[in-house]
$ cat work07.cif   # mmCIF, C-alpha atoms
data_upload
#
loop_
_atom_site.label_atom_id
_atom_site.label_comp_id
_atom_site.auth_asym_id
_atom_site.auth_seq_id
_atom_site.Cartn_x
_atom_site.Cartn_y
_atom_site.Cartn_z
CA MET A 1 101.62 89.38 65.95
CA THR A 2 98.67 91.78 66.38
CA ASN A 3 99.15 95.45 67.23
CA GLY A 4 102.78 94.72 68.06
CA GLN A 5 101.91 92.11 70.70
CA ASN A 6 102.61 88.42 70.72
CA ALA A 7 99.93 85.88 71.63
CA TYR A 8 100.98 85.66 75.29
CA ALA A 9 100.72 89.43 75.72
CA ARG A 10 97.30 89.42 74.07
CA ALA A 11 96.25 86.80 76.63
CA GLY A 12 97.19 89.27 79.36
CA VAL A 13 100.72 88.20 80.36
CA ASP A 14 103.39 90.88 80.02
CA ILE A 15 106.88 89.34 79.93
CA GLU A 16 108.54 92.74 79.52
CA ALA A 17 106.87 94.04 82.69
CA ALA A 18 108.14 90.99 84.58
CA ASP A 19 111.67 91.63 83.33
CA THR A 20 111.43 95.25 84.41
CA ALA A 21 110.28 94.16 87.88
CA ILE A 22 113.33 91.89 88.18
CA GLU A 23 115.65 94.76 87.32
CA LEU A 24 113.99 96.99 89.92
CA MET A 25 114.23 94.41 92.71
CA LYS A 26 117.82 93.26 92.11
CA GLY A 27 119.36 95.76 94.49
CA TYR A 28 117.05 94.83 97.36
CA VAL A 29 117.63 91.10 96.91
CA ALA A 30 121.40 91.57 96.72
CA ARG A 31 121.40 93.01 100.24
CA ALA A 32 119.37 90.11 101.67
CA THR A 33 122.18 87.58 101.55
CA ARG A 34 124.57 85.45 103.59
CA PRO A 35 128.13 84.29 102.90
CA GLU A 36 126.86 80.80 102.04
CA VAL A 37 124.77 82.00 99.10
CA ILE A 38 126.18 81.15 95.66
CA GLY A 39 125.21 83.09 92.56
CA GLY A 40 122.59 85.79 92.30
CA LEU A 41 119.12 86.57 91.06
CA GLY A 42 117.99 85.09 87.77
CA GLY A 43 118.88 81.43 87.98
CA PHE A 44 116.40 78.57 87.95
CA ALA A 45 117.25 77.70 91.55
CA GLY A 46 118.82 79.45 94.51
CA LEU A 47 122.09 77.92 95.70
CA PHE A 48 123.28 77.68 99.30
CA ASP A 49 126.65 76.16 100.28
CA ALA A 50 125.69 73.27 102.57
CA SER A 51 129.29 72.74 103.65
CA ALA A 52 128.49 75.41 106.25
CA LEU A 53 126.55 72.69 108.07
CA THR A 54 129.71 70.67 108.76
CA LYS A 55 130.26 72.70 111.93
CA TYR A 56 127.23 70.93 113.42
CA GLU A 57 127.51 67.57 115.16
CA ARG A 58 124.04 66.51 114.04
CA PRO A 59 122.32 69.24 112.03
CA LEU A 60 118.55 69.09 111.79
CA LEU A 61 117.01 71.00 108.90
CA ALA A 62 113.78 72.83 109.67
CA THR A 63 111.37 74.25 107.10
CA SER A 64 108.26 76.42 107.20
CA THR A 65 105.88 77.88 104.64
CA ASP A 66 103.05 80.38 104.91
CA GLY A 67 101.34 83.40 103.39
CA VAL A 68 99.89 86.65 104.66
CA GLY A 69 96.18 85.99 104.27
CA THR A 70 93.66 88.74 103.71
CA LYS A 71 95.97 91.44 105.07
CA VAL A 72 97.06 91.84 101.44
CA ALA A 73 93.63 93.40 100.82
CA ILE A 74 94.60 96.26 103.15
CA ALA A 75 97.90 96.81 101.34
CA GLN A 76 96.11 96.84 98.00
CA ALA A 77 93.40 99.24 99.17
CA MET A 78 95.99 101.64 100.58
CA ASP A 79 98.39 101.18 97.65
CA VAL A 80 101.23 100.57 100.12
CA HIS A 81 103.19 97.46 99.22
CA ASP A 82 106.62 97.68 100.88
CA THR A 83 105.55 96.47 104.34
CA ILE A 84 103.63 93.29 103.50
CA GLY A 85 106.97 91.50 103.07
CA PHE A 86 107.62 91.85 106.80
CA ASP A 87 104.36 90.02 107.42
CA LEU A 88 105.36 87.22 105.07
CA VAL A 89 108.86 86.79 106.50
CA GLY A 90 107.61 87.04 110.07
CA MET A 91 105.07 84.29 109.49
CA VAL A 92 107.63 81.80 108.17
CA VAL A 93 110.86 82.51 110.07
CA ASP A 94 109.18 82.78 113.46
CA ASP A 95 107.35 79.49 112.95
CA LEU A 96 110.76 77.98 112.32
CA VAL A 97 112.71 79.63 115.15
CA VAL A 98 110.46 78.23 117.90
CA CYS A 99 112.34 74.93 117.69
CA GLY A 100 115.65 76.78 118.04
CA ALA A 101 116.47 76.71 114.32
CA GLU A 102 118.42 79.54 112.70
CA PRO A 103 116.73 80.63 109.45
CA LEU A 104 119.21 80.27 106.59
CA PHE A 105 117.39 81.14 103.40
CA MET A 106 113.98 81.92 101.99
CA THR A 107 112.11 81.91 98.69
CA ASP A 108 108.97 83.84 97.83
CA TYR A 109 106.08 83.54 95.39
CA ILE A 110 103.97 86.47 94.17
CA ALA A 111 100.84 85.86 92.09
CA THR A 112 99.18 88.91 90.54
CA GLY A 113 96.54 89.71 87.99
CA ARG A 114 98.84 92.18 86.25
CA VAL A 115 102.55 92.75 86.75
CA VAL A 116 103.15 96.37 87.67
CA PRO A 117 106.96 96.46 87.99
CA GLU A 118 107.06 99.14 90.69
CA ARG A 119 104.47 97.32 92.79
CA VAL A 120 106.20 93.96 92.54
CA ALA A 121 109.54 95.58 93.34
CA ALA A 122 108.01 97.23 96.43
CA ILE A 123 106.70 93.88 97.66
CA VAL A 124 110.11 92.26 97.18
CA LYS A 125 111.80 95.24 98.83
CA GLY A 126 109.82 94.53 101.99
CA ILE A 127 110.61 90.82 101.82
CA ALA A 128 114.32 91.49 101.35
CA GLU A 129 114.50 94.03 104.18
CA ALA A 130 112.65 91.65 106.49
CA CYS A 131 115.07 88.85 105.58
CA GLN A 132 117.92 91.12 106.66
CA VAL A 133 116.19 91.64 110.02
CA ALA A 134 115.68 87.89 110.38
CA GLY A 135 119.28 87.11 109.37
CA CYS A 136 118.35 84.87 106.44
CA ALA A 137 119.08 85.16 102.73
CA LEU A 138 116.49 85.67 100.01
CA VAL A 139 117.83 83.18 97.47
CA GLY A 140 115.06 83.18 94.90
CA GLY A 141 111.43 83.69 94.09
CA GLU A 142 108.79 83.72 91.41
CA THR A 143 106.36 86.32 90.13
CA ALA A 144 103.42 84.89 88.19
CA GLU A 145 100.84 86.84 86.21
CA HIS A 146 97.34 85.34 86.42
CA PRO A 147 95.01 87.43 84.27
CA GLY A 148 91.39 86.32 84.56
CA LEU A 149 92.08 84.60 87.88
CA LEU A 150 93.07 87.72 89.82
CA GLY A 151 92.01 91.30 89.18
CA PRO A 152 94.59 93.65 87.60
CA ASP A 153 95.50 95.18 90.96
CA GLU A 154 95.14 92.03 93.06
CA TYR A 155 97.99 89.86 94.29
CA ASP A 156 98.85 87.26 96.86
CA VAL A 157 102.19 86.34 98.41
CA ALA A 158 103.63 83.18 99.92
CA GLY A 159 107.04 82.05 101.04
CA ALA A 160 109.09 79.21 102.45
CA THR A 161 112.19 79.19 104.61
CA THR A 162 114.79 76.61 105.65
CA GLY A 163 116.86 76.66 108.81
CA VAL A 164 119.11 74.47 110.93
CA VAL A 165 119.43 73.52 114.58
CA GLU A 166 121.85 71.29 116.45
CA ALA A 167 119.95 68.14 117.44
CA ASP A 168 120.83 68.39 121.13
CA ARG A 169 119.62 72.01 121.21
CA LEU A 170 116.22 71.31 119.69
CA LEU A 171 113.51 73.10 121.65
CA GLY A 172 110.06 71.65 122.23
CA PRO A 173 107.60 69.93 124.56
CA GLY A 174 110.11 67.32 125.70
CA ARG A 175 112.11 70.00 127.55
CA VAL A 176 109.21 71.71 129.33
CA ARG A 177 109.13 71.19 133.12
CA PRO A 178 106.71 71.95 135.97
CA GLY A 179 107.48 75.38 137.37
CA ASP A 180 108.52 76.84 134.02
CA VAL A 181 107.51 80.46 133.57
CA VAL A 182 105.43 81.50 130.58
CA LEU A 183 107.26 84.58 129.28
CA ALA A 184 105.13 86.68 126.91
CA MET A 185 106.65 88.87 124.19
CA ALA A 186 104.71 91.88 122.98
CA ALA A 187 103.25 91.91 119.49
CA SER A 188 103.53 94.96 117.25
CA GLY A 189 99.77 94.77 116.69
CA LEU A 190 97.49 92.40 114.84
CA HIS A 191 100.42 90.87 112.93
CA SER A 192 98.99 88.84 110.01
CA ASN A 193 96.19 86.73 111.40
CA GLY A 194 92.49 87.22 111.90
CA TYR A 195 92.10 89.87 109.22
CA SER A 196 88.93 88.28 107.87
CA LEU A 197 87.31 88.98 111.24
CA VAL A 198 88.87 92.44 111.57
CA ARG A 199 87.84 93.48 108.07
CA HIS A 200 84.32 92.17 108.58
CA VAL A 201 83.91 94.07 111.87
CA LEU A 202 85.52 97.39 110.97
CA LEU A 203 85.25 97.64 107.18
CA GLY A 204 82.25 95.46 106.38
CA ALA A 205 78.93 96.86 105.21
CA THR A 206 76.43 97.76 107.91
CA SER A 207 73.89 95.51 106.18
CA GLU A 208 76.23 92.61 106.96
CA GLY A 209 76.95 93.59 110.55
CA GLY A 210 80.07 95.68 109.90
CA ALA A 211 80.87 99.25 110.93
CA ALA A 212 81.58 100.38 107.33
CA TRP A 213 84.58 102.46 108.44
CA SER A 214 87.01 103.77 105.82
CA LEU A 215 90.72 103.07 105.97
CA ASP A 216 91.49 106.79 106.10
CA ARG A 217 89.26 107.27 109.15
CA ASN A 218 91.17 108.81 112.05
CA VAL A 219 90.59 106.69 115.15
CA PRO A 220 91.45 108.55 118.39
CA GLU A 221 92.05 105.33 120.34
CA LEU A 222 94.69 104.33 117.80
CA GLY A 223 96.29 107.74 117.43
CA ARG A 224 96.34 107.36 113.65
CA SER A 225 94.21 106.25 110.74
CA LEU A 226 92.59 102.84 110.70
CA GLY A 227 94.51 101.86 107.57
CA GLU A 228 97.87 102.73 109.14
CA GLU A 229 97.02 100.59 112.15
CA LEU A 230 95.87 97.62 110.10
CA LEU A 231 99.00 97.75 107.94
CA THR A 232 101.41 97.71 110.92
CA PRO A 233 104.08 95.16 109.98
CA THR A 234 104.45 91.90 111.87
CA ARG A 235 107.23 91.92 114.44
CA ILE A 236 110.09 89.55 113.56
CA TYR A 237 111.41 87.73 116.64
CA ALA A 238 113.95 85.40 115.00
CA GLN A 239 117.27 86.98 116.02
CA ALA A 240 116.02 87.86 119.51
CA CYS A 241 114.77 84.32 120.09
CA LEU A 242 117.99 82.76 118.86
CA GLU A 243 119.94 84.91 121.32
CA LEU A 244 117.44 83.99 124.00
CA ALA A 245 118.18 80.31 123.34
CA ASP A 246 121.92 81.00 123.53
CA ARG A 247 121.86 83.00 126.76
CA THR A 248 119.17 81.24 128.77
CA GLY A 249 117.88 77.74 129.41
CA VAL A 250 114.67 78.28 127.43
CA HIS A 251 112.81 75.00 126.97
CA ALA A 252 110.23 75.80 124.30
CA MET A 253 108.74 78.69 122.34
CA SER A 254 105.42 79.26 120.61
CA HIS A 255 104.64 81.66 117.75
CA ILE A 256 101.20 83.15 118.40
CA THR A 257 99.44 83.22 115.03
CA GLY A 258 96.03 82.01 113.80
CA GLY A 259 94.11 80.35 116.63
CA GLY A 260 95.35 82.73 119.30
CA LEU A 261 97.46 82.45 122.42
CA ALA A 262 96.07 79.38 124.17
CA ALA A 263 95.77 77.17 121.08
CA ASN A 264 99.30 77.93 119.87
CA LEU A 265 100.88 77.50 123.29
CA GLU A 266 99.14 74.12 123.63
CA ARG A 267 101.14 72.95 120.59
CA VAL A 268 104.34 72.92 122.70
CA MET A 269 102.83 71.69 125.97
CA PRO A 270 103.53 68.12 127.15
CA VAL A 271 100.38 66.07 127.79
CA GLU A 272 101.20 65.64 131.50
CA LEU A 273 101.43 69.40 132.14
CA ALA A 274 99.14 72.44 131.89
CA ALA A 275 99.71 76.18 131.86
CA THR A 276 97.77 79.04 133.40
CA LEU A 277 98.17 82.61 132.17
CA ASP A 278 96.95 85.76 133.89
CA ARG A 279 95.39 88.34 131.55
CA GLY A 280 96.00 90.91 134.29
CA THR A 281 99.72 90.96 133.42
CA TRP A 282 99.19 92.91 130.20
CA THR A 283 96.85 95.24 128.31
CA PRO A 284 96.48 94.43 124.58
CA GLN A 285 96.99 97.31 122.15
CA PRO A 286 93.86 99.44 121.58
CA VAL A 287 93.09 97.81 118.22
CA PHE A 288 92.10 94.56 119.94
CA ASP A 289 89.64 96.28 122.25
CA LEU A 290 88.36 98.25 119.26
CA VAL A 291 87.48 95.06 117.39
CA ARG A 292 85.91 93.62 120.54
CA ARG A 293 83.72 96.64 121.23
CA VAL A 294 82.77 97.72 117.72
CA GLY A 295 81.97 94.19 116.60
CA ASP A 296 80.52 93.04 119.93
CA VAL A 297 82.93 90.12 119.64
CA SER A 298 83.10 87.88 122.68
CA GLN A 299 86.42 87.61 124.44
CA GLU A 300 86.40 83.88 123.74
CA ASP A 301 86.08 84.48 119.98
CA LEU A 302 88.65 87.28 120.06
CA GLU A 303 91.22 85.11 121.82
CA ALA A 304 90.55 82.21 119.46
CA THR A 305 91.31 84.42 116.45
CA LEU A 306 93.77 87.20 117.32
CA ASN A 307 97.07 87.30 119.22
CA CYS A 308 95.64 89.87 121.68
CA GLY A 309 98.98 91.58 122.13
CA VAL A 310 101.29 88.57 122.53
CA GLY A 311 103.27 87.58 119.43
CA MET A 312 105.65 84.99 120.87
CA VAL A 313 105.92 83.01 124.10
CA ALA A 314 108.89 81.29 125.75
CA LEU A 315 108.79 78.62 128.45
CA LEU A 316 111.85 78.74 130.68
CA PRO A 317 113.06 78.16 134.25
CA PRO A 318 112.22 80.88 136.80
CA ASP A 319 115.90 81.65 137.41
CA ASP A 320 116.32 82.66 133.75
CA VAL A 321 113.43 85.12 133.56
CA ASP A 322 115.37 88.29 134.44
CA GLU A 323 118.09 87.52 131.91
CA ALA A 324 115.50 86.68 129.27
CA VAL A 325 113.74 90.01 129.79
CA ARG A 326 117.13 91.78 129.41
CA VAL A 327 117.98 89.89 126.23
CA LEU A 328 114.66 90.73 124.63
CA ALA A 329 114.88 94.39 125.73
CA GLU A 330 118.19 94.62 123.86
CA HIS A 331 116.13 93.80 120.75
CA ASP A 332 113.44 96.36 121.67
CA ILE A 333 110.97 93.62 122.57
CA ARG A 334 108.99 94.07 125.77
CA ALA A 335 108.56 90.82 127.68
CA TRP A 336 106.92 89.87 130.97
CA PRO A 337 106.06 86.77 133.02
CA ALA A 338 102.44 85.96 132.17
CA GLY A 339 101.92 82.55 133.73
CA GLU A 340 103.29 79.24 134.90
CA VAL A 341 103.46 75.58 133.91
CA ARG A 342 102.32 72.99 136.44
CA GLU A 343 101.37 69.33 136.68
CA ALA A 344 98.08 68.87 134.88
CA GLY A 345 96.27 67.45 137.89
CA ASP A 346 92.54 67.84 137.27
CA ALA A 347 93.15 70.05 134.23
CA PRO A 348 93.13 68.50 130.74
CA GLY A 349 96.65 67.38 129.84
CA GLY A 350 98.55 69.83 127.65
CA SER A 351 95.93 72.54 128.18
CA VAL A 352 96.38 76.30 128.52
CA ARG A 353 93.96 78.37 130.59
CA LEU A 354 93.64 82.16 130.67
CA THR A 355 92.38 83.71 133.90
CA GLY A 356 91.62 87.21 135.17
CA GLN A 357 91.05 90.22 132.94
CA HIS A 358 93.20 92.72 131.06
CA PRO A 359 93.54 96.04 132.89
CA GLY A 360 91.06 98.52 131.45
CA TRP A 361 88.84 95.89 129.82
#

$ encode --input "work07.cif" --output "structure tokens"
Amino acid sequence: MTNGQNAYARAGVDIEAADTAIELMKGYVARATRPEVIGGLGGFAGLFDASALTKYERPLLATSTDGVGTKVAIAQAMDVHDTIGFDLVGMVVDDLVVCGAEPLFMTDYIATGRVVPERVAAIVKGIAEACQVAGCALVGGETAEHPGLLGPDEYDVAGATTGVVEADRLLGPGRVRPGDVVLAMAASGLHSNGYSLVRHVLLGATSEGGAAWSLDRNVPELGRSLGEELLTPTRIYAQACLELADRTGVHAMSHITGGGLAANLERVMPVELAATLDRGTWTPQPVFDLVRRVGDVSQEDLEATLNCGVGMVALLPPDDVDEAVRVLAEHDIRAWPAGEVREAGDAPGGSVRLTGQHPGW
């Protein structure tokens, strides 16, 4: 022992701080649960009673894992850490729900240069609250201190979720039909993708082609500070989309993340069909136009990187559109018909084409 510290502490790892963080987060995690969860926080593994799956004829387990990317840099710069969990949960549960799977449970991983108990607890608070919104349980996680690898105030987050869907209700390309409507669901903003581009354009040094704006800059087009806009949590669609699958004949869904609208929708398009979307059916939130104008970013590059105002898409029969819009409105999600699926014809099979222009652009 030296100066009251053991060797691990002298190397930069504070076990006591980690224990304090666990105590602070226990209450949040306890609320992010389901009846099938066995035990509580502190075990080596989270336990989930799989006998709940016996109600399914042929249960298919679905799993998804992801992180938040460089959006964590915004949270760190603003010293606001209780919203980034919504971004993490949204990225994993909404990747999973597109096949019709109900998210059951989730685990998280936080790596940080220095464990600050209050900061770690705030991150987990956001994750736990987002799990409640998504309807899944937070059954476990890990916080790792990486001194020398990450700066004292740096961290990264990742997570994984598992869900279940009845085999005969699995959504995907095999269900999509000519004449299906492409129903767009509004994003809450940038969500959690494309932040390397956004940060370069708006925050980057002028010598490197950026605007060198500060996060506390008030931006009239946004109606708030730049930092507040960039930290807007990702919308979580899971419960709304599950109800959509129950109440309509939806054929497929696509989570619009990295790669943009067309590339993600192509992932659920059959090779014999193609889709055309009309940009004129919606106006992206001002932040997208801000990035386009300030950075002189081409629309092609913008659409290949950002969601441009559409966070989720459903493909469904025309007769179900009105009911789908009602279902989503009940969850405070604005939705609108944005395009149609047709036989590919001369178009590349499985392709998605955007036409027209957004009003005001």

$ resolve_selection --input "work07.cif" --expression "the PyMOL selection byres ((chain A and resi 335-348) around 6)" --output "ChimeraX atom specification"
/A:178-185,272-278,281,325,334,349,351

$ atom_distance --input "work07.cif" --atom1 "CA of Val250 in chain A" --atom2 "CA of Met269 in chain A"
13.6 Å

$ closest_residue --input "work07.cif" --among "A:Thr83, A:Gln357, A:Thr248, A:Thr283" --to "Ala324 in chain A" --atoms "only C-alpha atoms"
A:Thr248

$ resolve_selection --input "work07.cif" --expression "the PyMOL selection byres ((chain A and resi 210-222) around 12)" --output "compact mmCIF listing (two decimals) with C-alpha atoms, in the coordinates of the input"
# COMPACT_ATOMS: atom_id res chain seq x y z
CA ALA A 73 93.63 93.40 100.82
CA ILE A 74 94.60 96.26 103.15
CA ALA A 75 97.90 96.81 101.34
CA GLN A 76 96.11 96.84 98.00
CA ALA A 77 93.40 99.24 99.17
CA MET A 78 95.99 101.64 100.58
CA ASP A 79 98.39 101.18 97.65
CA GLY A 189 99.77 94.77 116.69
CA SER A 196 88.93 88.28 107.87
CA LEU A 197 87.31 88.98 111.24
CA VAL A 198 88.87 92.44 111.57
CA ARG A 199 87.84 93.48 108.07
CA HIS A 200 84.32 92.17 108.58
CA VAL A 201 83.91 94.07 111.87
CA LEU A 202 85.52 97.39 110.97
CA LEU A 203 85.25 97.64 107.18
CA GLY A 204 82.25 95.46 106.38
CA ALA A 205 78.93 96.86 105.21
CA THR A 206 76.43 97.76 107.91
CA SER A 207 73.89 95.51 106.18
CA GLU A 208 76.23 92.61 106.96
CA GLY A 209 76.95 93.59 110.55
CA GLY A 223 96.29 107.74 117.43
CA ARG A 224 96.34 107.36 113.65
CA SER A 225 94.21 106.25 110.74
CA LEU A 226 92.59 102.84 110.70
CA GLY A 227 94.51 101.86 107.57
CA GLU A 228 97.87 102.73 109.14
CA GLU A 229 97.02 100.59 112.15
CA LEU A 230 95.87 97.62 110.10
CA LEU A 231 99.00 97.75 107.94
CA THR A 232 101.41 97.71 110.92
CA GLN A 285 96.99 97.31 122.15
CA PRO A 286 93.86 99.44 121.58
CA VAL A 287 93.09 97.81 118.22
CA PHE A 288 92.10 94.56 119.94
CA ASP A 289 89.64 96.28 122.25
CA LEU A 290 88.36 98.25 119.26
CA VAL A 291 87.48 95.06 117.39
CA ARG A 293 83.72 96.64 121.23
CA VAL A 294 82.77 97.72 117.72
CA GLY A 295 81.97 94.19 116.60
CA ASP A 296 80.52 93.04 119.93
CA VAL A 297 82.93 90.12 119.64

$ resolve_selection --input "work07.cif" --expression "the PyMOL selection byres ((chain A and resi 69) around 10)" --output "PyMOL selection string"
chain A and resi 66-68+70-73+87-88+156-158+192-196

$ residues_near_point --input "work07.cif" --point "(109.1, 77.7, 101.0)" --cutoff "9 Å" --atoms "all atoms listed in the file" --output "list in words"
Thr63, Ser64, Thr65, Asp66, Val92, Met106, Thr107, Asp108, Tyr109, Ala158, Gly159, Ala160, Thr161 and Thr162 of chain A

$ atom_distance --input "work07.cif" --atom1 "CA of Ala187 in chain A" --atom2 "CA of Val310 in chain A"
4.9 Å

$ residues_around --input "work07.cif" --residues "Gly135 in chain A" --least-positions-apart "6" --cutoff "10 Å" --atoms "all atoms listed in the file" --output "VMD selection string"
chain A and resid 32 to 34 93 102 to 105 129 238 to 239

$ axis_aligned_box --input "work07.cif" --around "range 151-170 of chain A" --padding-each-side "4 Å" --output "lines of an AutoDock Vina configuration file"
center_x = 106.9
center_y = 81.7
center_z = 104.4
size_x = 37.8
size_y = 35.0
size_z = 41.6

$ atom_distance --input "work07.cif" --atom1 "CA of Asn307 in chain A" --atom2 "CA of Phe86 in chain A"
16.9 Å

$ closest_residue --input "work07.cif" --among "A:Val116, A:Leu138, A:Val165, A:Leu150" --to "Tyr56 in chain A" --atoms "only C-alpha atoms"
A:Val165

$ closest_residue --input "work07.cif" --among "A:Ile127, A:Leu316, A:Val98, A:Gly140" --to "Val37 in chain A" --atoms "all atoms listed in the file"
A:Gly140

$ closest_residue --input "work07.cif" --among "A:Arg267, A:Asp319, A:Glu330, A:Ile38" --to "Gly174 in chain A" --atoms "all atoms listed in the file"
A:Arg267

$ residues_around --input "work07.cif" --residues "range 242-247 of chain A" --least-positions-apart "6" --cutoff "8 Å" --atoms "all atoms listed in the file" --output "list in words"
Val97, Gly100, Ala101, Glu102, Glu323, Ala324, Val327 and Leu328 of chain A

$ residues_around --input "work07.cif" --residues "Leu171 in chain A" --least-positions-apart "5" --cutoff "6 Å" --atoms "only C-alpha atoms" --output "number ranges by chain"
A: 99-100, 251-252

$ closest_residue --input "work07.cif" --among "A:Cys308, A:Cys131, A:Leu315, A:Val164" --to "Met91 in chain A" --atoms "all atoms listed in the file"
A:Cys131

$ build_atoms --input "work07.cif" --residues "range 234-252 of chain A" --atoms "N, CA and C atoms" --output "tab-separated table (two decimals), in the coordinates of the input"
chain	number	residue	atom	x	y	z
A	234	THR	N	104.22	92.93	110.87
A	234	THR	CA	104.45	91.90	111.87
A	234	THR	C	105.84	92.03	112.47
A	235	ARG	N	105.92	91.92	113.78
A	235	ARG	CA	107.23	91.92	114.44
A	235	ARG	C	107.96	90.62	114.13
A	236	ILE	N	109.26	90.73	113.85
A	236	ILE	CA	110.09	89.55	113.56
A	236	ILE	C	110.95	89.26	114.79
A	237	TYR	N	110.76	88.09	115.37
A	237	TYR	CA	111.41	87.73	116.64
A	237	TYR	C	112.65	86.87	116.45
A	238	ALA	N	112.96	86.46	115.23
A	238	ALA	CA	113.95	85.40	115.00
A	238	ALA	C	115.28	85.63	115.70
A	239	GLN	N	115.94	86.76	115.45
A	239	GLN	CA	117.27	86.98	116.02
A	239	GLN	C	117.20	87.10	117.54
A	240	ALA	N	116.17	87.75	118.06
A	240	ALA	CA	116.02	87.86	119.51
A	240	ALA	C	115.83	86.50	120.15
A	241	CYS	N	115.03	85.65	119.52
A	241	CYS	CA	114.77	84.32	120.09
A	241	CYS	C	115.98	83.41	120.00
A	242	LEU	N	116.77	83.55	118.95
A	242	LEU	CA	117.99	82.76	118.86
A	242	LEU	C	118.97	83.16	119.96
A	243	GLU	N	119.06	84.46	120.23
A	243	GLU	CA	119.94	84.91	121.32
A	243	GLU	C	119.38	84.47	122.66
A	244	LEU	N	118.06	84.47	122.78
A	244	LEU	CA	117.44	83.99	124.00
A	244	LEU	C	117.81	82.53	124.25
A	245	ALA	N	117.81	81.72	123.21
A	245	ALA	CA	118.18	80.31	123.34
A	245	ALA	C	119.65	80.15	123.70
A	246	ASP	N	120.49	81.07	123.23
A	246	ASP	CA	121.92	81.00	123.53
A	246	ASP	C	122.24	81.42	124.97
A	247	ARG	N	121.50	82.40	125.49
A	247	ARG	CA	121.86	83.00	126.76
A	247	ARG	C	121.02	82.55	127.94
A	248	THR	N	119.99	81.76	127.68
A	248	THR	CA	119.17	81.24	128.77
A	248	THR	C	118.88	79.77	128.55
A	249	GLY	N	118.25	79.16	129.53
A	249	GLY	CA	117.88	77.74	129.41
A	249	GLY	C	116.46	77.57	128.91
A	250	VAL	N	116.03	78.37	127.95
A	250	VAL	CA	114.67	78.28	127.43
A	250	VAL	C	114.38	76.85	126.97
A	251	HIS	N	113.19	76.38	127.28
A	251	HIS	CA	112.81	75.00	126.97
A	251	HIS	C	111.98	74.88	125.69
A	252	ALA	N	111.10	75.85	125.47
A	252	ALA	CA	110.23	75.80	124.30
A	252	ALA	C	109.75	77.21	123.99
